[in-house]
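All remarks here apply to the structure that follows.
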Amino acid sequence: MKKEITVTINGTPQTLEVENRLLLVHLIRENVSLTGTHIGCDTSSCGACTVLIDGKSAKSCTVLAVQADGKEITTVEGLATAEGIHPIQEGFKENHGLHCGFCTPGMMMRIKELLEKNPNPTEEEIRWGISGNLCRCTGYNNIVKAVQYASAKMRGEELPSTEPEFVS
Amino acid sequence: MIPEHFGYSAPSSISEALSLLKEHGEDAKILAGGHSLLPMMKLRFASPSHLVDINNIPGLSYIKEEDGRLKIGAMTREVDLEESDVISTRYPIFTDASKLIADPQVRNFGTVGGNIAHGDAANDHPAVMIALRAEVEIAGENGSRTVPIDDFFYGFYMTAVQQGEILTEISIPSLGERAGSAYHKAERKVGDYATAGVAVVIEVDAEGSCTKAGIGLTNVNPTPMRAARSEEVLVGSKLTSEDIEKAAEYAAADCSPSPDLRGDEEYKRHLVNVITKRMINKAIQRAS
Ligand SMILES: Cc1cc2nc3c(=O)[nH]c(=O)nc-3n(C[C@H](O)[C@H](O)[C@H](O)COP(=O)(O)OP(=O)(O)OC[C@H]3O[C@@H](n4cnc5c(N)ncnc54)[C@H](O)[C@@H]3O)c2cc1C
Ligand code: FES
Ligand code: FES
């Protein structure tokens, strides 16, 4: 039981024949070999598989590939441009927003939609905004800082300090 | 985890969807947001032979006040409720609930219709709809019918939506100027199903007497439940703390929570008691 679908992935339209039961995350990782999108829990809980579907963040382990027919998908590989890395990526880099990096691609795609809807979120809004993404390493504080950095950069404001805080 | 094989169609009208459901019979299922159905299919708890995806049918997603009712299209997403001004100013109970349902990614997909049609007492919208005395519009081969929410939930994963039918709209009698509504659930962590949840709608008259009360309970009964005795105590009352206490006691006594990893029976009854009181007070506050 197969179907032909056309999806635009990071700006490139692709026509593929897929099984109806193929999950979008498998299409992305296996059929088009973009392995930046991770599979963590496979039970819609962790957010590691988050991508954008027509600009909306989605857990791609809980969407069928056939549902993406005619849609635009953006994965973490679509963040950087010829000019360089995206401000969100820069925020993570400058603020140690990742340790092992497993959650990072999903986190960044979720944050992309968050900042588009709310360019200047409060700390609480950031924490709520990433509540569907689990990180087992960072304790989230540096991820929050990464978002604040990206938010400032995208709004053309002065960048917050990236100095770590020491607790004495 | 990969679901079993299934056929798939994505019709572009309700009538086309209805004929597909008829054609594929017993084992066909509707795919709305997919955020309850696909996880179940991945775990092979559900193995429909055919999915009828209703996401491409236009005109099923809206929030509007019309003819003295608030009408919500079945395919309205949680995120639409969360971001709607009509909802946040006039029906904050939905904003309370939506914020506590799953997480932002799931709310981008999950639909209000799916949340109810799933027939799971752990979902949050059923209790909210009970408190609001909603009616559900169901389309079938022979036209459309309206089912009051009290006749909607039959049992575990069973609702009034029959094989071959589609839930199209939920409509609610508009809340008056002196009405207030609130929802809260206790959860172990963000995105978890309720340990216990309580939805409350209260309407008062100019003298502060309660003219209408609606109370629905989440995940403390085999089916979503109306706390009828609690409502009776409140209607006609001056909403004194004694009456509110009594209403909360009745809600805690009348539900039948089952012990699980979220807590034992006694703990859940205690939560129902506490949250009922808090939500009644919050609804009263919002009513004035
Ligand atoms: C990680 C996670 C956490 C969650 N947490 C919560 C939570 O805290 N609270 C909560 O309430 N929910 C929660 N959910 C469930 C989520 O809100 C679902 O989206 C919702 O229960 C079902 O809506 P859906 O549109 O995704 O329906 P689907 O999954 O598409 O469908 C569910 C069922 O309803 C049927 N159906 C759907 N639409 C119709 C229709 N219009 N007519 C007839 N039948 C229909 C389908 O055939 C299927 O049987 C969670 C889900 C996930 C993945
Ligand atoms: S892998 Fe999709 S949410 Fe965890
Ligand atoms: S950096 Fe390791 S899980 Fe987030």
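Quick note on naming: the chains in the structure tokens go A, B, ... in the order shown, residues restart at 1 in each chain, and ligands are numbered from 1 in order of appearance.
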
(message) Using only C-alpha atoms and a distance of at most 10 Å, pull out the residues of chain A that contact chain B, as a count of residues only.
(response) 37

(request) Show which residues sit within 10 Å of A:Gly70, as a list of chain:residue names. Count only C-alpha atoms, and ignore same-chain residues fewer than 3 positions away. (result)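 These residues fall inside the cut-off: A:Ile5, A:Thr6, A:Val7, A:Thr8, A:Pro13, A:Gln14, A:Thr15, A:Asp54, A:Val66, A:Gln67, A:Ile73.
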
Expected file: the selected residues, C-alpha atoms, as a PDB file, in the first residue's frame:
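Result file part.pdb:
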ATOM      1  CA  ILE A   5       3.933  12.180  -2.556  1.00  0.00           C
ATOM      2  CA  THR A   6       5.691  15.452  -3.242  1.00  0.00           C
ATOM      3  CA  VAL A   7       7.264  17.193  -0.292  1.00  0.00           C
ATOM      4  CA  THR A   8       9.545  20.191  -0.245  1.00  0.00           C
ATOM      5  CA  PRO A  13      10.854  19.573  -3.846  1.00  0.00           C
ATOM      6  CA  GLN A  14      11.102  15.794  -3.829  1.00  0.00           C
ATOM      7  CA  THR A  15       8.715  13.266  -5.305  1.00  0.00           C
ATOM      8  CA  ASP A  54       4.540  24.530   6.834  1.00  0.00           C
ATOM      9  CA  VAL A  66       1.751  10.698   3.370  1.00  0.00           C
ATOM     10  CA  GLN A  67       0.329  13.504   5.523  1.00  0.00           C
ATOM     11  CA  ILE A  73       9.303  20.554   5.695  1.00  0.00           C
TER      12      ILE A  73
END

(request) Would you mind listing what lies within 7 Å of stretch 204-210 of chain B as a PyMOL selection string, with only C-alpha atoms counted and same-chain residues fewer than 3 positions away left out? (result) chain B and resi 178-179+234-239

Print the selection's residues with all heavy atoms to a file, as a PDB file, in the first residue's frame.
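Generated file (again.pdb):
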ATOM      1  N   ARG B 178     -22.538  37.365  33.461  1.00  0.00           N
ATOM      2  CA  ARG B 178     -22.182  37.034  34.841  1.00  0.00           C
ATOM      3  C   ARG B 178     -21.742  35.585  35.007  1.00  0.00           C
ATOM      4  O   ARG B 178     -21.940  34.986  36.053  1.00  0.00           O
ATOM      5  CB  ARG B 178     -23.359  37.333  35.772  1.00  0.00           C
ATOM      6  CG  ARG B 178     -23.652  38.803  35.924  1.00  0.00           C
ATOM      7  CD  ARG B 178     -24.385  39.085  37.220  1.00  0.00           C
ATOM      8  NE  ARG B 178     -24.865  40.459  37.248  1.00  0.00           N
ATOM      9  CZ  ARG B 178     -25.988  40.859  36.651  1.00  0.00           C
ATOM     10  NH1 ARG B 178     -26.751  39.990  36.049  1.00  0.00           N
ATOM     11  NH2 ARG B 178     -26.356  42.126  36.707  1.00  0.00           N
ATOM     12  N   ALA B 179     -21.172  35.043  33.939  1.00  0.00           N
ATOM     13  CA  ALA B 179     -20.704  33.660  34.038  1.00  0.00           C
ATOM     14  C   ALA B 179     -19.179  33.630  34.093  1.00  0.00           C
ATOM     15  O   ALA B 179     -18.508  34.478  33.509  1.00  0.00           O
ATOM     16  CB  ALA B 179     -21.193  32.858  32.838  1.00  0.00           C
ATOM     17  N   LEU B 234     -24.898  23.892  44.426  1.00  0.00           N
ATOM     18  CA  LEU B 234     -24.530  25.274  44.116  1.00  0.00           C
ATOM     19  C   LEU B 234     -25.689  26.087  43.537  1.00  0.00           C
ATOM     20  O   LEU B 234     -25.846  27.264  43.873  1.00  0.00           O
ATOM     21  CB  LEU B 234     -23.354  25.294  43.132  1.00  0.00           C
ATOM     22  CG  LEU B 234     -22.045  24.687  43.662  1.00  0.00           C
ATOM     23  CD1 LEU B 234     -20.965  24.751  42.590  1.00  0.00           C
ATOM     24  CD2 LEU B 234     -21.556  25.414  44.923  1.00  0.00           C
ATOM     25  N   VAL B 235     -26.497  25.465  42.670  1.00  0.00           N
ATOM     26  CA  VAL B 235     -27.568  26.235  42.026  1.00  0.00           C
ATOM     27  C   VAL B 235     -28.562  26.727  43.084  1.00  0.00           C
ATOM     28  O   VAL B 235     -29.047  25.946  43.896  1.00  0.00           O
ATOM     29  CB  VAL B 235     -28.295  25.406  40.943  1.00  0.00           C
ATOM     30  CG1 VAL B 235     -29.465  26.184  40.355  1.00  0.00           C
ATOM     31  CG2 VAL B 235     -27.321  25.028  39.834  1.00  0.00           C
ATOM     32  N   GLY B 236     -28.808  28.029  43.066  1.00  0.00           N
ATOM     33  CA  GLY B 236     -29.714  28.624  44.054  1.00  0.00           C
ATOM     34  C   GLY B 236     -29.001  29.059  45.321  1.00  0.00           C
ATOM     35  O   GLY B 236     -29.580  29.754  46.146  1.00  0.00           O
ATOM     36  N   SER B 237     -27.745  28.648  45.459  1.00  0.00           N
ATOM     37  CA  SER B 237     -27.031  29.004  46.690  1.00  0.00           C
ATOM     38  C   SER B 237     -26.351  30.364  46.546  1.00  0.00           C
ATOM     39  O   SER B 237     -26.164  30.876  45.447  1.00  0.00           O
ATOM     40  CB  SER B 237     -25.990  27.931  47.022  1.00  0.00           C
ATOM     41  OG  SER B 237     -24.680  28.411  46.865  1.00  0.00           O
ATOM     42  N   LYS B 238     -25.987  30.944  47.684  1.00  0.00           N
ATOM     43  CA  LYS B 238     -25.269  32.225  47.688  1.00  0.00           C
ATOM     44  C   LYS B 238     -23.770  31.986  47.538  1.00  0.00           C
ATOM     45  O   LYS B 238     -22.964  32.902  47.715  1.00  0.00           O
ATOM     46  CB  LYS B 238     -25.550  32.973  49.009  1.00  0.00           C
ATOM     47  CG  LYS B 238     -26.905  33.647  49.054  1.00  0.00           C
ATOM     48  CD  LYS B 238     -26.869  34.985  48.316  1.00  0.00           C
ATOM     49  CE  LYS B 238     -28.211  35.703  48.422  1.00  0.00           C
ATOM     50  NZ  LYS B 238     -28.352  36.729  47.364  1.00  0.00           N
ATOM     51  N   LEU B 239     -23.421  30.769  47.248  1.00  0.00           N
ATOM     52  CA  LEU B 239     -22.021  30.377  47.048  1.00  0.00           C
ATOM     53  C   LEU B 239     -21.174  30.664  48.289  1.00  0.00           C
ATOM     54  O   LEU B 239     -20.084  31.228  48.205  1.00  0.00           O
ATOM     55  CB  LEU B 239     -21.447  31.062  45.806  1.00  0.00           C
ATOM     56  CG  LEU B 239     -22.149  30.693  44.493  1.00  0.00           C
ATOM     57  CD1 LEU B 239     -21.673  31.582  43.357  1.00  0.00           C
ATOM     58  CD2 LEU B 239     -21.909  29.229  44.130  1.00  0.00           C
TER      59      LEU B 239
END

(request) For atom 1 (S, counted along the ligand's line) of ligand 2 and atom CA of A:Lys71, determine how far apart the two atoms are, in Å to one decimal place. (result)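 Separating atom 1 (S, counted along the ligand's line) of ligand 2 from atom CA of A:Lys71 is a distance of 20.6 Å.
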
(message) Need the shell around B:Pro148: protein/DNA/RNA residues with any atom at most 9 Å away, counting only C-alpha atoms. Skip same-chain ones fewer than 3 positions apart. Format as a ChimeraX atom specification?
(response) /B:133-137,151-152

(message) as a ChimeraX atom specification, please: the residues near B:Asp124 (cut-off 8 Å, only C-alpha atoms, same-chain neighbours under 4 positions excluded).
(response) /B:97,101,115,128,194,197,218

(message) Report, in Å to a single decimal, how far apart atom CA of B:Lys22 and atom CA of B:Val52 are.
(response) 10.8 Å

(request) Identify, on the basis of only C-alpha atoms, every residue whose closest approach to B:Val274 does not exceed 8 Å; exclude the query and any residue fewer than 4 positions from it along the same chain; express the result as a PyMOL selection string. (result) chain B and resi 248+270+278

(request) Using only C-alpha atoms and all ligand atoms, find each residue with an atom at most 7 Å away from ligand 3 and format the answer as JSON, numbers by chain. (result) {"A": [98, 99, 100, 101, 102, 103, 104, 134, 135, 136, 137, 138]}

Give me a file of those residues, with N, CA, C and O atoms, as a tab-separated table (two decimals), in the first residue's frame.
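To be explicit, this is the file written out as again02.tsv:
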chain	number	residue	atom	x	y	z
A	98	LEU	N	24.25	23.10	24.54
A	98	LEU	CA	24.18	21.65	24.35
A	98	LEU	C	25.39	20.97	24.99
A	98	LEU	O	26.44	21.57	25.13
A	99	HIS	N	25.15	19.73	25.40
A	99	HIS	CA	26.26	18.90	25.86
A	99	HIS	C	26.41	17.77	24.86
A	99	HIS	O	27.21	17.81	23.96
A	100	CYS	N	25.54	16.74	24.97
A	100	CYS	CA	25.68	15.62	24.03
A	100	CYS	C	25.11	15.98	22.66
A	100	CYS	O	25.48	15.42	21.65
A	101	GLY	N	24.17	16.93	22.62
A	101	GLY	CA	23.62	17.39	21.35
A	101	GLY	C	22.47	16.59	20.81
A	101	GLY	O	21.94	16.91	19.74
A	102	PHE	N	22.05	15.57	21.53
A	102	PHE	CA	20.99	14.72	20.97
A	102	PHE	C	19.67	15.48	20.83
A	102	PHE	O	18.95	15.33	19.84
A	103	CYS	N	19.36	16.29	21.82
A	103	CYS	CA	18.08	17.00	21.80
A	103	CYS	C	18.12	18.25	20.92
A	103	CYS	O	17.09	18.84	20.63
A	104	THR	N	19.35	18.68	20.58
A	104	THR	CA	19.55	20.02	20.01
A	104	THR	C	18.79	20.29	18.70
A	104	THR	O	18.15	21.34	18.58
A	134	LEU	N	12.68	17.33	25.64
A	134	LEU	CA	13.44	16.92	26.81
A	134	LEU	C	14.93	17.02	26.53
A	134	LEU	O	15.40	16.69	25.45
A	135	CYS	N	15.67	17.50	27.53
A	135	CYS	CA	17.13	17.50	27.46
A	135	CYS	C	17.63	16.83	28.72
A	135	CYS	O	17.27	17.23	29.82
A	136	ARG	N	18.45	15.80	28.55
A	136	ARG	CA	18.96	15.08	29.73
A	136	ARG	C	20.29	15.63	30.22
A	136	ARG	O	20.84	15.14	31.19
A	137	CYS	N	20.87	16.59	29.52
A	137	CYS	CA	22.21	17.05	29.88
A	137	CYS	C	22.24	18.42	30.52
A	137	CYS	O	22.78	18.61	31.59
A	138	THR	N	21.68	19.41	29.84
A	138	THR	CA	22.02	20.80	30.19
A	138	THR	C	21.32	21.35	31.41
A	138	THR	O	21.76	22.37	31.95

(request) Enumerate, as a ChimeraX atom specification, the complete set of residues in stretch 18-146 of chain B that a backbone-based DSSP assignment places in strand (DSSP E or B). (result) /B:28-31,50-53,63-66,69-73,77,111,135-140,143-146

(request) Mind the document's chain letters and residue numbers, and return as an MDAnalysis selection string the residues of chain A that DSSP labels alpha helix (DSSP H). (result) chainID A and resid 24:26 87:94 104:117 123:129 141:154

(request) Return the single residue from A:Asn10, A:His96, A:Gly106, A:Glu125 that is closest to A:Ile39, with distances computed using only C-alpha atoms. (result)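 Smallest separation from A:Ile39 among the options: A:Gly106.
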
(request) Extract, using only C-alpha atoms, all DNA, RNA and protein residues at most 12 Å from B:Arg269, discarding same-chain residues fewer than 4 positions from it, and format them as a count of residues only. (result) 29
